[in-house]
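Engineer: The structure's right below; bear with me while I get my questions together.
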Amino acid sequence: MDLHPITVIEIIFTVTLINTLFIIAFLIPKTKRKTGLYTATSITALILLFFIIRPFWINYHFSVKKEQLTFYLEKQFPNEKWQITQNIGRQYNPYIFLVEFHNEKGWKYHFYVKNADHIRQNGFSQPDGTEIKNGKHMQREDW
């Protein structure tokens with residue numbers, strides 16, 4: 001199983017934090033140790049809950065933002081067809097979408113979707129071997 005470096009850093013940081021909490025809980029006076037252990041256990045449970053819920057949260061927001069981008073593209077480029085994808089990997093922002101229009105094969109326009117009112121094109125990729133030129137769907141005012 002290959003772990004992404006970001007995941008490894010998160011695991012190391014989290015394990016260090018949890019260990020520190022339990023060490024502190026055991027080092028405090030006996031009269032308050034029980035409270036310290038409850039606190040450390042509660043924080044550990046919240047951290048685990050965060051790591052369990054986060055992928056579902058991101059996937060939910062991905063689908064909402066993809067729908068918002070679709071409505072935006074329908075307004076900006078009526079009567080056109082496109083395909084929306086995204087880069088795969090922890091190092092990429094999950095809210096940047098790659099749009100390839102059917103009448104401009106190989107060109108991918110990068111759209112950042114913050115919410116329905118804040119969608120902007122923040123880059124593009126062109127096919128290998130082509131000269132740098134303006135794509136048919138560039139929105140220069142966003143750059």
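Ordering of the structure tokens sets the chain letters (A, B, ...); residue numbers start at 1 within each chain; ligands are numbered from 1 in the order shown.
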If you count only C-alpha atoms, which residues fall within 9 Å of Val113 in chain A, apart from same-chain ones fewer than 2 positions away, as number ranges by chain?
Structural biologist: A: 65-66, 68-69, 95-97, 111, 115-121
Engineer: Keeping only C-alpha atoms, take the residues you just selected and write them out as an mmCIF file, in the first residue's frame.
Structural biologist:
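Saved the output as part_1.cif:
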data_model
loop_
_atom_site.group_PDB
_atom_site.id
_atom_site.type_symbol
_atom_site.label_atom_id
_atom_site.label_comp_id
_atom_site.auth_asym_id
_atom_site.auth_seq_id
_atom_site.Cartn_x
_atom_site.Cartn_y
_atom_site.Cartn_z
ATOM 1 C CA LYS A 65 -19.463 22.158 -7.205
ATOM 2 C CA LYS A 66 -19.479 20.083 -10.393
ATOM 3 C CA GLN A 68 -22.529 24.549 -10.169
ATOM 4 C CA LEU A 69 -19.808 24.485 -12.832
ATOM 5 C CA TYR A 95 -12.324 22.034 -6.305
ATOM 6 C CA ILE A 96 -10.364 22.702 -9.491
ATOM 7 C CA PHE A 97 -12.067 21.054 -12.436
ATOM 8 C CA PHE A 111 -11.919 26.131 -13.446
ATOM 9 C CA ASN A 115 -19.401 28.576 -4.873
ATOM 10 C CA ALA A 116 -22.120 29.262 -7.462
ATOM 11 C CA ASP A 117 -21.252 32.969 -7.515
ATOM 12 C CA HIS A 118 -17.479 32.559 -7.617
ATOM 13 C CA ILE A 119 -16.367 30.405 -10.539
ATOM 14 C CA ARG A 120 -13.315 31.403 -12.518
ATOM 15 C CA GLN A 121 -11.033 29.974 -15.132
#
Engineer: Quick one: residues within 12 Å of Thr20 in chain A, only C-alpha atoms counted, chain neighbours fewer than 4 positions away excluded, as a ChimeraX atom specification?
Structural biologist: /A:13-16,24-27,36-37,40-41,43-44
Engineer: Looking at only C-alpha atoms, which of A:Phe124, A:Asn87, A:Gly106, A:Pro94 is the one that sits closest to Pro55 in chain A?
Structural biologist: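 For Pro55 in chain A, the nearest of the candidates is A:Pro94.
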Engineer: Among chain A, which residues does DSSP mark as alpha helix (DSSP H) when it is run on the backbone? Keep the chain and numbering as in the structure and answer as a ChimeraX atom specification.
Structural biologist: /A:5-27,30-76
Engineer: Out of range 11-143 of chain A, which residues get strand (DSSP E) from DSSP, as a ChimeraX atom specification?
Structural biologist: /A:82-85,96-101,108-115,118-125
Engineer: CA of Gln83 in chain A and CA of Asn103 in chain A are how many Å apart?
Structural biologist: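 Between CA of Gln83 in chain A and CA of Asn103 in chain A the gap is 11.1 Å.
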Engineer: Which residues are near Gln76 in chain A? Cut-off 12 Å, only C-alpha atoms, ignore same chain within fewer than 2 positions. Put them as a list in words.
Structural biologist: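 Listing them by chain and then by number gives Leu69, Thr70, Phe71, Tyr72, Leu73, Glu74, Pro78, Asn79, Glu80, Lys81, Ile119, Arg120, Gln121, His137, Met138 and Gln139 of chain A.
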Engineer: Store the residues picked out above in a file with N, CA, C and O atoms, as a compact mmCIF listing (two decimals), in the first residue's frame.
Structural biologist:
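Final file, result21.txt:
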# COMPACT_ATOMS: atom_id res chain seq x y z
N LEU A 69 -20.62 24.22 -11.65
CA LEU A 69 -19.81 24.49 -12.83
C LEU A 69 -20.59 24.17 -14.10
O LEU A 69 -20.50 24.92 -15.09
N THR A 70 -21.36 23.11 -14.10
CA THR A 70 -22.17 22.76 -15.27
C THR A 70 -23.15 23.88 -15.60
O THR A 70 -23.28 24.28 -16.76
N PHE A 71 -23.83 24.43 -14.59
CA PHE A 71 -24.76 25.54 -14.83
C PHE A 71 -24.02 26.76 -15.36
O PHE A 71 -24.49 27.45 -16.26
N TYR A 72 -22.84 27.03 -14.81
CA TYR A 72 -22.02 28.16 -15.27
C TYR A 72 -21.62 27.98 -16.73
O TYR A 72 -21.73 28.92 -17.53
N LEU A 73 -21.17 26.78 -17.09
CA LEU A 73 -20.75 26.53 -18.47
C LEU A 73 -21.93 26.61 -19.44
O LEU A 73 -21.78 27.07 -20.57
N GLU A 74 -23.10 26.18 -18.99
CA GLU A 74 -24.29 26.27 -19.85
C GLU A 74 -24.62 27.73 -20.15
O GLU A 74 -25.08 28.05 -21.25
N PRO A 78 -23.31 28.40 -24.39
CA PRO A 78 -24.52 27.67 -24.79
C PRO A 78 -24.27 26.89 -26.08
O PRO A 78 -23.43 27.24 -26.89
N ASN A 79 -25.00 25.83 -26.23
CA ASN A 79 -24.95 24.99 -27.43
C ASN A 79 -23.61 24.29 -27.62
O ASN A 79 -23.25 23.92 -28.73
N GLU A 80 -22.82 24.16 -26.56
CA GLU A 80 -21.55 23.43 -26.64
C GLU A 80 -21.62 22.22 -25.72
O GLU A 80 -22.41 22.17 -24.79
N LYS A 81 -20.76 21.26 -26.02
CA LYS A 81 -20.67 20.05 -25.19
C LYS A 81 -19.28 19.99 -24.60
O LYS A 81 -18.31 20.43 -25.21
N ILE A 119 -16.97 31.42 -9.67
CA ILE A 119 -16.37 30.40 -10.54
C ILE A 119 -15.47 31.15 -11.50
O ILE A 119 -15.88 32.11 -12.13
N ARG A 120 -14.21 30.71 -11.60
CA ARG A 120 -13.31 31.40 -12.52
C ARG A 120 -12.37 30.40 -13.18
O ARG A 120 -12.01 29.39 -12.61
N GLN A 121 -12.00 30.76 -14.38
CA GLN A 121 -11.03 29.97 -15.13
C GLN A 121 -9.65 30.44 -14.68
O GLN A 121 -9.34 31.61 -14.75
N HIS A 137 -12.00 28.91 -25.83
CA HIS A 137 -12.82 29.08 -24.63
C HIS A 137 -12.10 29.79 -23.51
O HIS A 137 -12.49 29.69 -22.35
N MET A 138 -11.06 30.52 -23.84
CA MET A 138 -10.32 31.27 -22.81
C MET A 138 -11.13 32.44 -22.32
O MET A 138 -11.78 33.13 -23.10
N GLN A 139 -11.05 32.67 -21.03
CA GLN A 139 -11.73 33.81 -20.41
C GLN A 139 -10.65 34.67 -19.76
O GLN A 139 -10.38 34.55 -18.58
Engineer: For Leu3 in chain A, find every residue with an atom within 12 Å (counting only C-alpha atoms), except residues of its own chain fewer than 6 positions away, and show them as a list in words.
Structural biologist: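 So the residues in contact are Ile9, Glu10, Ile11, Gly89 and Arg90 of chain A.
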